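*Asks:* Dropping in final.txt, which is compact mmCIF, C-alpha atoms:
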# COMPACT_ATOMS: atom_id res chain seq x y z
CA MET A 242 37.11 -160.01 124.89
CA ASP A 243 38.73 -161.15 121.67
CA ASN A 244 37.77 -158.64 119.01
CA ASP A 245 39.89 -160.44 116.44
CA ASN A 246 37.55 -163.40 116.34
CA GLN A 247 35.57 -162.77 113.15
CA ASN A 248 32.89 -165.36 114.03
CA ASP A 249 32.10 -163.26 117.05
CA VAL A 250 31.03 -160.21 115.01
CA PHE A 251 27.46 -159.39 116.00
CA VAL A 252 26.94 -155.96 114.43
CA ALA A 253 28.70 -154.97 111.21
CA PHE A 254 28.64 -151.70 109.28
CA GLU A 255 29.99 -152.41 105.80
CA ARG A 256 30.89 -149.36 103.67
CA VAL A 257 27.93 -147.47 105.10
CA GLN A 258 27.24 -143.95 103.87
CA LYS A 259 24.45 -141.57 104.77
CA SER A 260 23.36 -138.36 103.10
CA TYR A 261 20.17 -136.43 103.84
CA ASP A 262 20.35 -134.17 100.79
CA GLY A 263 22.14 -136.31 98.19
CA GLU A 264 25.25 -134.12 98.38
CA GLN A 265 26.64 -133.82 101.89
CA LEU A 266 27.70 -137.12 103.52
CA VAL A 267 27.09 -137.17 107.28
CA VAL A 268 28.53 -140.70 107.47
CA LYS A 269 31.40 -141.52 105.11
CA ASP A 270 32.28 -145.09 104.13
CA LEU A 271 31.92 -146.52 107.62
CA ASN A 272 33.33 -149.99 108.34
CA LEU A 273 32.86 -151.17 111.90
CA ASP A 274 32.59 -154.61 113.52
CA ILE A 275 31.11 -154.91 117.01
CA ALA A 276 31.62 -158.17 118.88
CA LYS A 277 28.90 -160.12 120.67
CA GLY A 278 28.71 -158.98 124.28
CA GLU A 279 30.81 -155.88 123.66
CA PHE A 280 30.11 -152.44 125.13
CA LEU A 281 31.02 -150.12 122.28
CA THR A 282 30.68 -146.35 122.61
CA MET A 283 30.38 -143.97 119.67
CA LEU A 284 31.91 -140.73 120.92
CA GLY A 285 32.22 -137.41 119.15
CA PRO A 286 31.09 -133.79 118.93
CA SER A 287 27.64 -132.77 117.69
CA GLY A 288 27.25 -133.40 113.96
CA SER A 289 30.05 -135.99 113.79
CA GLY A 290 27.73 -138.79 112.57
CA LYS A 291 27.56 -140.94 115.71
CA THR A 292 23.80 -140.58 116.37
CA THR A 293 23.02 -141.11 112.68
CA CYS A 294 24.91 -144.45 112.85
CA LEU A 295 22.88 -145.48 115.89
CA MET A 296 19.61 -144.50 114.20
CA MET A 297 20.52 -146.51 111.08
CA LEU A 298 21.24 -149.53 113.30
CA ALA A 299 17.89 -149.03 115.06
CA GLY A 300 16.08 -148.71 111.73
CA PHE A 301 14.86 -145.12 112.19
CA GLU A 302 17.20 -143.96 109.41
CA THR A 303 18.11 -145.74 106.16
CA ALA A 304 21.67 -146.05 104.88
CA THR A 305 22.19 -144.26 101.54
CA PHE A 306 24.81 -146.88 100.63
CA GLY A 307 26.30 -150.01 102.19
CA ASP A 308 25.02 -152.76 104.49
CA ILE A 309 24.28 -153.01 108.19
CA LYS A 310 24.33 -156.60 109.44
CA LEU A 311 23.03 -158.08 112.66
CA ASP A 312 24.36 -161.55 113.44
CA GLY A 313 25.36 -162.00 109.79
CA GLN A 314 22.01 -160.91 108.29
CA ALA A 315 21.59 -157.60 106.42
CA ILE A 316 18.87 -155.63 108.25
CA ASN A 317 18.61 -152.59 105.94
CA ASN A 318 15.03 -153.49 104.94
CA ILE A 319 13.78 -154.84 108.28
CA PRO A 320 11.50 -152.35 110.12
CA PRO A 321 12.62 -151.17 113.60
CA HIS A 322 10.07 -153.19 115.61
CA LYS A 323 11.17 -156.44 113.95
CA ARG A 324 14.88 -156.00 114.71
CA GLY A 325 14.50 -157.12 118.35
CA ILE A 326 16.67 -154.28 119.63
CA GLY A 327 16.26 -152.57 123.03
CA MET A 328 16.48 -148.75 122.97
CA VAL A 329 17.14 -146.18 125.69
CA PHE A 330 16.86 -142.46 124.84
CA GLN A 331 17.75 -139.31 126.77
CA ASN A 332 14.08 -138.31 127.08
CA TYR A 333 12.96 -141.66 128.63
CA ALA A 334 10.01 -141.96 126.16
CA LEU A 335 7.78 -143.66 128.77
CA PHE A 336 4.00 -143.76 128.21
CA PRO A 337 2.61 -141.21 130.73
CA HIS A 338 -0.87 -142.78 130.94
CA MET A 339 0.49 -146.24 131.90
CA THR A 340 1.89 -147.40 135.21
CA ILE A 341 5.54 -148.43 135.38
CA GLY A 342 4.50 -152.11 135.30
CA GLU A 343 2.33 -151.49 132.22
CA ASN A 344 5.14 -149.59 130.51
CA LEU A 345 7.41 -152.62 130.94
CA ALA A 346 4.73 -155.13 130.00
CA PHE A 347 3.96 -153.30 126.74
CA PRO A 348 6.91 -154.63 124.65
CA LEU A 349 6.08 -158.13 125.93
CA GLU A 350 2.39 -157.81 124.98
CA VAL A 351 3.40 -156.67 121.50
CA ARG A 352 5.40 -159.91 121.23
CA GLY A 353 2.31 -161.94 122.20
CA MET A 354 3.58 -163.15 125.58
CA GLY A 355 1.10 -164.55 128.15
CA LYS A 356 0.27 -162.67 131.36
CA SER A 357 2.06 -164.84 133.93
CA GLU A 358 5.28 -164.85 131.91
CA ARG A 359 4.93 -161.08 131.38
CA ASP A 360 4.53 -160.46 135.12
CA GLU A 361 7.61 -162.56 135.89
CA LYS A 362 9.77 -160.73 133.33
CA VAL A 363 8.56 -157.28 134.46
CA LYS A 364 9.38 -158.19 138.07
CA ASN A 365 12.89 -159.37 137.13
CA ALA A 366 13.60 -156.28 135.00
CA LEU A 367 12.49 -153.89 137.76
CA ALA A 368 14.59 -155.78 140.32
CA MET A 369 17.60 -155.40 138.02
CA VAL A 370 17.36 -151.59 138.33
CA GLN A 371 16.23 -151.60 142.02
CA MET A 372 12.74 -150.33 141.15
CA GLU A 373 10.59 -153.34 142.13
CA ASP A 374 8.46 -151.28 144.56
CA PHE A 375 7.41 -148.77 141.88
CA ALA A 376 5.40 -150.98 139.49
CA GLY A 377 2.08 -149.28 140.36
CA ARG A 378 3.26 -145.70 139.93
CA ARG A 379 3.01 -143.43 136.89
CA PRO A 380 6.10 -141.89 135.23
CA ALA A 381 5.12 -138.37 136.45
CA GLN A 382 5.42 -139.60 140.06
CA LEU A 383 9.10 -140.53 139.57
CA SER A 384 12.28 -138.45 139.57
CA GLY A 385 14.38 -138.15 136.41
CA GLY A 386 16.84 -140.75 137.65
CA GLN A 387 14.04 -143.20 138.49
CA GLN A 388 12.42 -142.66 135.08
CA GLN A 389 15.74 -143.39 133.39
CA ARG A 390 16.06 -146.60 135.42
CA VAL A 391 12.59 -147.63 134.22
CA ALA A 392 13.51 -146.79 130.61
CA LEU A 393 16.58 -149.02 131.00
CA ALA A 394 14.47 -151.84 132.47
CA ARG A 395 11.98 -151.53 129.59
CA ALA A 396 14.82 -151.83 127.05
CA LEU A 397 15.99 -155.03 128.75
CA VAL A 398 12.66 -156.63 129.70
CA PHE A 399 12.24 -158.71 126.51
CA GLU A 400 15.87 -159.90 126.80
CA PRO A 401 17.19 -158.43 123.54
CA GLU A 402 20.67 -159.39 122.41
CA LEU A 403 21.43 -155.80 121.41
CA VAL A 404 20.68 -152.60 123.33
CA LEU A 405 21.20 -149.13 121.84
CA MET A 406 21.56 -146.11 124.11
CA ASP A 407 21.49 -142.52 122.84
CA GLU A 408 22.83 -140.03 125.43
CA PRO A 409 20.69 -141.79 128.08
CA LEU A 410 22.21 -139.92 131.03
CA GLY A 411 22.30 -136.46 129.45
CA ALA A 412 19.43 -135.04 131.54
CA LEU A 413 20.72 -136.23 134.93
CA ASP A 414 22.81 -134.26 137.42
CA LYS A 415 26.50 -135.08 137.82
CA ASN A 416 26.32 -137.39 140.88
CA LEU A 417 23.36 -139.38 139.58
CA ARG A 418 24.94 -139.56 136.15
CA GLU A 419 28.13 -141.09 137.58
CA GLN A 420 26.15 -143.57 139.68
CA MET A 421 24.10 -144.62 136.63
CA GLN A 422 27.29 -145.08 134.56
CA TYR A 423 28.48 -147.73 137.00
CA GLU A 424 25.03 -149.34 137.21
CA ILE A 425 24.71 -149.66 133.43
CA LYS A 426 28.25 -151.04 133.26
CA HIS A 427 27.46 -153.65 135.94
CA ILE A 428 24.17 -154.65 134.29
CA HIS A 429 26.04 -155.08 131.00
CA GLU A 430 28.65 -157.28 132.70
CA ARG A 431 25.95 -159.38 134.36
CA LEU A 432 23.76 -159.89 131.27
CA GLY A 433 26.51 -160.10 128.63
CA VAL A 434 24.22 -158.18 126.25
CA THR A 435 25.78 -156.22 123.36
CA VAL A 436 25.54 -152.46 123.97
CA VAL A 437 26.09 -149.65 121.46
CA TYR A 438 26.18 -146.37 123.35
CA VAL A 439 26.27 -142.82 121.97
CA THR A 440 27.64 -139.90 123.98
CA HIS A 441 29.63 -136.68 123.58
CA ASP A 442 30.88 -137.05 127.17
CA GLN A 443 34.45 -138.38 127.08
CA THR A 444 34.58 -139.30 130.80
CA GLU A 445 31.42 -141.37 130.39
CA ALA A 446 32.94 -143.16 127.40
CA LEU A 447 36.19 -143.88 129.25
CA THR A 448 34.32 -145.17 132.32
CA MET A 449 31.92 -147.57 130.61
CA SER A 450 33.29 -148.91 127.34
CA ASP A 451 35.20 -151.96 126.16
CA ARG A 452 36.08 -149.97 123.04
CA ILE A 453 35.41 -146.43 121.89
CA ALA A 454 34.93 -145.27 118.30
CA VAL A 455 35.83 -141.57 118.15
CA PHE A 456 33.83 -139.87 115.38
CA ASN A 457 34.57 -136.60 113.63
CA ASP A 458 33.30 -135.34 110.30
CA GLY A 459 31.40 -138.56 109.50
CA LYS A 460 34.40 -140.85 110.00
CA ILE A 461 35.90 -142.93 112.79
CA GLN A 462 39.15 -141.20 113.74
CA GLN A 463 40.26 -143.98 116.08
CA LEU A 464 38.76 -147.21 117.46
CA ALA A 465 40.43 -148.53 120.60
CA PRO A 466 39.99 -149.50 124.27
CA PRO A 467 39.75 -146.48 126.62
CA ALA A 468 43.35 -146.63 127.94
CA ASP A 469 44.81 -146.87 124.41
CA LEU A 470 42.74 -143.92 123.26
CA TYR A 471 43.86 -141.75 126.15
CA GLU A 472 47.52 -142.82 126.29
CA ARG A 473 48.09 -143.33 122.56
CA PRO A 474 45.90 -141.02 120.45
CA ASP A 475 46.40 -141.53 116.69
CA ASN A 476 45.91 -137.92 115.66
CA ALA A 477 45.58 -134.37 116.95
CA PHE A 478 41.77 -134.46 116.96
CA VAL A 479 41.58 -137.55 119.20
CA ALA A 480 44.29 -136.16 121.51
CA ALA A 481 42.35 -132.92 121.92
CA PHE A 482 38.91 -134.54 122.26
CA ILE A 483 39.80 -137.21 124.83
CA GLY A 484 41.00 -135.74 128.11
CA GLU A 485 43.01 -132.60 128.66
CA ASN A 486 46.01 -132.04 126.51
CA ASN A 487 48.85 -129.54 126.01
CA ARG A 488 49.30 -128.77 122.31
CA LEU A 489 52.62 -127.36 121.14
CA GLN A 490 52.99 -126.36 117.46
CA GLY A 491 56.32 -126.71 115.70
CA THR A 492 58.41 -127.83 112.72
CA VAL A 493 60.15 -131.19 112.37
CA GLU A 494 63.94 -130.64 112.49
CA GLN A 495 65.17 -134.21 112.64
CA VAL A 496 63.76 -137.74 112.48
CA ASP A 497 65.71 -140.36 114.44
CA GLY A 498 64.02 -143.79 114.37
CA GLU A 499 60.83 -143.55 116.43
CA LEU A 500 61.76 -140.10 117.81
CA VAL A 501 61.60 -136.65 116.23
CA ARG A 502 63.21 -133.38 117.20
CA VAL A 503 60.78 -130.51 116.83
CA LYS A 504 61.55 -126.79 116.82
CA LEU A 505 58.70 -124.90 118.48
CA ASP A 506 57.45 -121.49 117.39
CA ASP A 507 59.45 -119.78 120.19
CA GLY A 508 62.70 -121.44 119.07
CA SER A 509 62.98 -124.11 121.80
CA THR A 510 63.38 -127.76 120.72
CA VAL A 511 61.47 -130.77 122.02
CA THR A 512 62.17 -134.47 121.49
CA ALA A 513 58.97 -136.47 120.98
CA LEU A 514 57.62 -139.83 119.88
CA ASN A 515 56.88 -139.79 116.15
CA VAL A 516 53.27 -140.94 115.71
CA CYS A 517 52.25 -139.23 112.48
CA ALA A 518 54.46 -136.17 112.19
CA ASP A 519 55.41 -134.83 108.77
CA ALA A 520 58.89 -135.23 107.23
CA VAL A 521 61.74 -132.84 108.09
CA GLY A 522 60.59 -129.27 107.45
CA GLY A 523 56.91 -130.19 107.92
CA LYS A 524 54.60 -128.95 110.66
CA THR A 525 53.49 -131.04 113.63
CA THR A 526 51.35 -130.74 116.77
CA LEU A 527 52.91 -132.11 119.95
CA SER A 528 50.48 -133.61 122.46
CA LEU A 529 51.38 -133.92 126.14
CA ARG A 530 48.98 -134.86 128.95
CA PRO A 531 49.11 -132.43 131.92
CA GLU A 532 49.88 -135.24 134.38
CA ARG A 533 52.97 -136.27 132.37
CA ALA A 534 54.77 -132.96 132.98
CA LEU A 535 56.77 -132.96 136.21
CA VAL A 536 58.58 -130.44 138.37
CA VAL A 537 62.32 -131.17 138.04
CA ARG A 538 63.93 -130.58 141.45
CA ASP A 539 67.21 -132.35 140.76
CA THR A 540 69.59 -130.23 138.64
CA LYS A 541 71.34 -133.42 137.46
CA ALA A 542 68.09 -135.07 136.32
CA THR A 543 68.42 -136.57 132.87
CA MET A 544 65.00 -136.00 131.34
CA ASP A 545 64.50 -135.75 127.57
CA ASN A 546 62.90 -132.30 127.73
CA VAL A 547 63.53 -129.76 130.52
CA PHE A 548 62.53 -126.07 130.42
CA ASP A 549 62.21 -123.04 132.65
CA ALA A 550 58.57 -122.32 133.42
CA LYS A 551 56.89 -119.44 135.21
CA VAL A 552 53.87 -120.23 137.40
CA GLU A 553 50.95 -118.07 136.19
CA GLU A 554 48.07 -119.56 138.17
CA LEU A 555 47.43 -122.28 140.77
CA ILE A 556 43.96 -123.78 141.23
CA TYR A 557 43.26 -126.14 144.12
CA LEU A 558 41.08 -129.05 143.01
CA GLY A 559 41.24 -131.33 146.02
CA ASP A 560 43.10 -134.38 144.75
CA HIS A 561 45.45 -132.29 142.58
CA ILE A 562 46.65 -128.75 141.95
CA ARG A 563 46.12 -127.45 138.44
CA SER A 564 49.00 -125.15 137.59
CA ARG A 565 49.06 -122.92 134.52
CA LEU A 566 52.58 -122.18 133.34
CA SER A 567 54.38 -120.02 130.81
CA VAL A 568 56.73 -122.40 129.03
CA CYS A 569 57.99 -122.85 125.45
CA GLY A 570 56.44 -119.54 124.41
CA ARG A 571 52.93 -120.41 125.65
CA ASN A 572 51.19 -119.18 128.78
CA ASP A 573 48.43 -121.83 128.75
CA PHE A 574 50.57 -124.89 129.52
CA ILE A 575 48.80 -127.01 132.17
CA MET A 576 50.57 -129.25 134.68
CA LYS A 577 48.67 -131.36 137.22
CA VAL A 578 50.51 -131.71 140.52
CA PRO A 579 49.21 -134.42 142.90
CA ASN A 580 48.02 -133.09 146.26
CA SER A 581 51.05 -134.17 148.26
CA SER A 582 53.45 -132.24 150.46
CA ASP A 583 55.34 -131.18 147.33
CA HIS A 584 52.76 -128.72 145.96
CA HIS A 585 53.12 -126.32 148.89
CA ALA A 586 56.52 -125.30 147.50
CA MET A 587 54.83 -123.76 144.43
CA SER A 588 53.69 -120.15 144.27
CA VAL A 589 52.41 -117.80 141.56
CA GLY A 590 55.20 -115.83 139.87
CA GLN A 591 57.85 -118.41 140.74
CA THR A 592 60.12 -119.89 138.07
CA LEU A 593 60.47 -123.70 138.08
CA ARG A 594 62.16 -126.32 135.97
CA VAL A 595 59.61 -128.65 134.36
CA GLY A 596 60.27 -131.68 132.23
CA TRP A 597 58.77 -134.65 130.45
CA SER A 598 59.96 -137.75 128.63
CA ALA A 599 60.00 -138.03 124.84
CA GLN A 600 57.79 -141.16 125.05
CA ASP A 601 55.02 -139.17 126.78
CA CYS A 602 55.04 -136.41 124.15
CA ARG A 603 53.42 -137.47 120.87
CA ALA A 604 54.22 -135.79 117.55
CA LEU A 605 50.94 -135.80 115.60
CA ASP A 606 49.50 -134.18 112.47
CA ALA A 607 49.70 -130.40 112.14
CA SER A 608 45.97 -129.64 112.42
Here is the file; what I need is its structure written in the form of structure tokens.
*Replies:*
Amino acid sequence: MDNDNQNDVFVAFERVQKSYDGEQLVVKDLNLDIAKGEFLTMLGPSGSGKTTCLMMLAGFETATFGDIKLDGQAINNIPPHKRGIGMVFQNYALFPHMTIGENLAFPLEVRGMGKSERDEKVKNALAMVQMEDFAGRRPAQLSGGQQQRVALARALVFEPELVLMDEPLGALDKNLREQMQYEIKHIHERLGVTVVYVTHDQTEALTMSDRIAVFNDGKIQQLAPPADLYERPDNAFVAAFIGENNRLQGTVEQVDGELVRVKLDDGSTVTALNVCADAVGGKTTLSLRPERALVVRDTKATMDNVFDAKVEELIYLGDHIRSRLSVCGRNDFIMKVPNSSDHHAMSVGQTLRVGWSAQDCRALDAS
């Protein structure tokens, strides 16, 4: 999808702020364009402002300042039921006294649609989530996963152009949750509907999204496709929040083009890619993914950074071995070793040589 095409902007937040008490801003000067047909996820810890943004878009909250536009029109003063937006919540919000068919027909009745057309649309929506045999049942007769499927069908039944989802899979167990992630992703691909999804689950965001907006403290810290966010975090918060991450604190000793040399607290020096490190003498946080650290078997290997490391702990996780090492003055350094013949050579208490390339180690802000 071409996010640079301005004519394609379907949802726009323009300088949006939100305060509940007139003093504290929970959303700070938010500017965000979402393209038509995009699956955008707002990801962040509790209290970061992501759900508030979704609720302002839905119309359940009002922006204190700024404009929210849908297809070029400001919708700040349009009530929720007139925005034509499908919603899926974590708690399903199905009417318990209605059958599944009646639950789905309800938004169509509200829109004044005739019975035969309603029946056809309800049938299609239930088929989309593989629930066509359940139209006559009540919500209480369904499992949590089935109820969430129905809630998804109800959000899509009137064919909205925009669907908002707020932690919709939060109440499901792990296996069902993963299955539903793929199902929602496939439905999105098939319908081409625009989806704005809120979660605090980073794996879910990486699995489903075209782009992810990482929120913290009422601001977007980074907005990027999943692979960019994981491989190229812009700051220490994003690096720590998305995926596992080794953080090494140090002081910038030398800046050489795109690389920096950093002296760590234990006196060892690391060469890293300069993303947003301070000037010489300033503090920086180095970020290195556990899978980017490697055991160096060859004594002649020319790797940018090579250190002695003591194996403190080995945990078998099936597809990989999670090894905790003492290296560079820290005893919480994690290295992921693929489950191949190689890992059998490792044992607790052993000293290894481990290394990583400067390009894989990002020098970020000090926080």
*Asks:* Please identify all polymer residues within 8 Å of Phe254 in chain A, counting only C-alpha atoms, omitting same-chain residues fewer than 5 positions from it, and present them as a PyMOL selection string.
*Replies:* chain A and resi 271-274+307-310
*Asks:* Excluding Asp545 in chain A and residues on its chain fewer than 6 positions from it, collect all residues at most 10 Å away from it, counting all atoms listed in the file, and give them as a list in words.
*Replies:*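 The neighbour list is Val511, Thr512, Ala513, Gly596, Trp597, Ser598, Ala599 and Gln600 of chain A.
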*Asks:* Dump C-alpha atoms for the selected residues as a PDB file, in the coordinates of the input?
*Replies:*
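That gives us out19.pdb:
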ATOM      1  CA  VAL A 511      61.470-130.770 122.020  1.00  0.00           C
ATOM      2  CA  THR A 512      62.170-134.470 121.490  1.00  0.00           C
ATOM      3  CA  ALA A 513      58.970-136.470 120.980  1.00  0.00           C
ATOM      4  CA  GLY A 596      60.270-131.680 132.230  1.00  0.00           C
ATOM      5  CA  TRP A 597      58.770-134.650 130.450  1.00  0.00           C
ATOM      6  CA  SER A 598      59.960-137.750 128.630  1.00  0.00           C
ATOM      7  CA  ALA A 599      60.000-138.030 124.840  1.00  0.00           C
ATOM      8  CA  GLN A 600      57.790-141.160 125.050  1.00  0.00           C
TER       9      GLN A 600
END
*Asks:* Interatomic distance between CA of Thr510 in chain A and CA of Ile562 in chain A?
*Replies:* 27.0 Å
*Asks:* Give me the residues within 10 Å of range 448-463 of chain A as a PyMOL selection string, counting only C-alpha atoms and dropping any in the same chain fewer than 2 places off.
*Replies:* chain A and resi 242+244+258-259+266-273+275+278-291+293-294+419+422-427+429+436-439+441+443-446+465-470+474-479+482-483
*Asks:* A:Phe330, A:Phe306, A:Phe301, A:Phe574: which is nearest Leu405 in chain A, counting all atoms listed in the file?
*Replies:* A:Phe330
*Asks:* Quick one, how far is CA of Asp549 in chain A from CA of Arg594 in chain A?
*Replies:*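 Taking CA of Asp549 in chain A and CA of Arg594 in chain A, their separation equals 4.7 Å.
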*Asks:* Using only C-alpha atoms, which residue out of A:Ser564, A:Gln389, A:Gln371, A:Asn318 lies closest to Leu335 in chain A?
*Replies:*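 Ranked by minimum distance to Leu335 in chain A, first place goes to A:Gln389.
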*Asks:* Taking into account all atoms listed in the file, which residue in the set A:Asp606, A:Glu350, A:Asp249, A:Asp407 is nearest to Met328 in chain A?
*Replies:* A:Asp407
*Asks:* Got a sec: who's within 12 Å of Ala518 in chain A, counting only C-alpha atoms, leaving out chain neighbours fewer than 5 positions off, as an mmCIF file with C-alpha atoms, in the frame of the given file?
*Replies:*
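The file below, part_9.cif, is the result:
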data_model
loop_
_atom_site.group_PDB
_atom_site.id
_atom_site.type_symbol
_atom_site.label_atom_id
_atom_site.label_comp_id
_atom_site.auth_asym_id
_atom_site.auth_seq_id
_atom_site.Cartn_x
_atom_site.Cartn_y
_atom_site.Cartn_z
ATOM 1 C CA ASP A 475 46.400 -141.530 116.690
ATOM 2 C CA ASN A 476 45.910 -137.920 115.660
ATOM 3 C CA ALA A 477 45.580 -134.370 116.950
ATOM 4 C CA GLN A 490 52.990 -126.360 117.460
ATOM 5 C CA GLY A 491 56.320 -126.710 115.700
ATOM 6 C CA THR A 492 58.410 -127.830 112.720
ATOM 7 C CA VAL A 493 60.150 -131.190 112.370
ATOM 8 C CA GLU A 494 63.940 -130.640 112.490
ATOM 9 C CA GLN A 495 65.170 -134.210 112.640
ATOM 10 C CA VAL A 496 63.760 -137.740 112.480
ATOM 11 C CA GLU A 499 60.830 -143.550 116.430
ATOM 12 C CA LEU A 500 61.760 -140.100 117.810
ATOM 13 C CA VAL A 501 61.600 -136.650 116.230
ATOM 14 C CA ARG A 502 63.210 -133.380 117.200
ATOM 15 C CA VAL A 503 60.780 -130.510 116.830
ATOM 16 C CA ALA A 513 58.970 -136.470 120.980
ATOM 17 C CA GLY A 523 56.910 -130.190 107.920
ATOM 18 C CA LYS A 524 54.600 -128.950 110.660
ATOM 19 C CA THR A 525 53.490 -131.040 113.630
ATOM 20 C CA THR A 526 51.350 -130.740 116.770
ATOM 21 C CA LEU A 527 52.910 -132.110 119.950
ATOM 22 C CA SER A 528 50.480 -133.610 122.460
ATOM 23 C CA CYS A 602 55.040 -136.410 124.150
ATOM 24 C CA ARG A 603 53.420 -137.470 120.870
ATOM 25 C CA ALA A 604 54.220 -135.790 117.550
ATOM 26 C CA LEU A 605 50.940 -135.800 115.600
ATOM 27 C CA ASP A 606 49.500 -134.180 112.470
ATOM 28 C CA ALA A 607 49.700 -130.400 112.140
ATOM 29 C CA SER A 608 45.970 -129.640 112.420
#
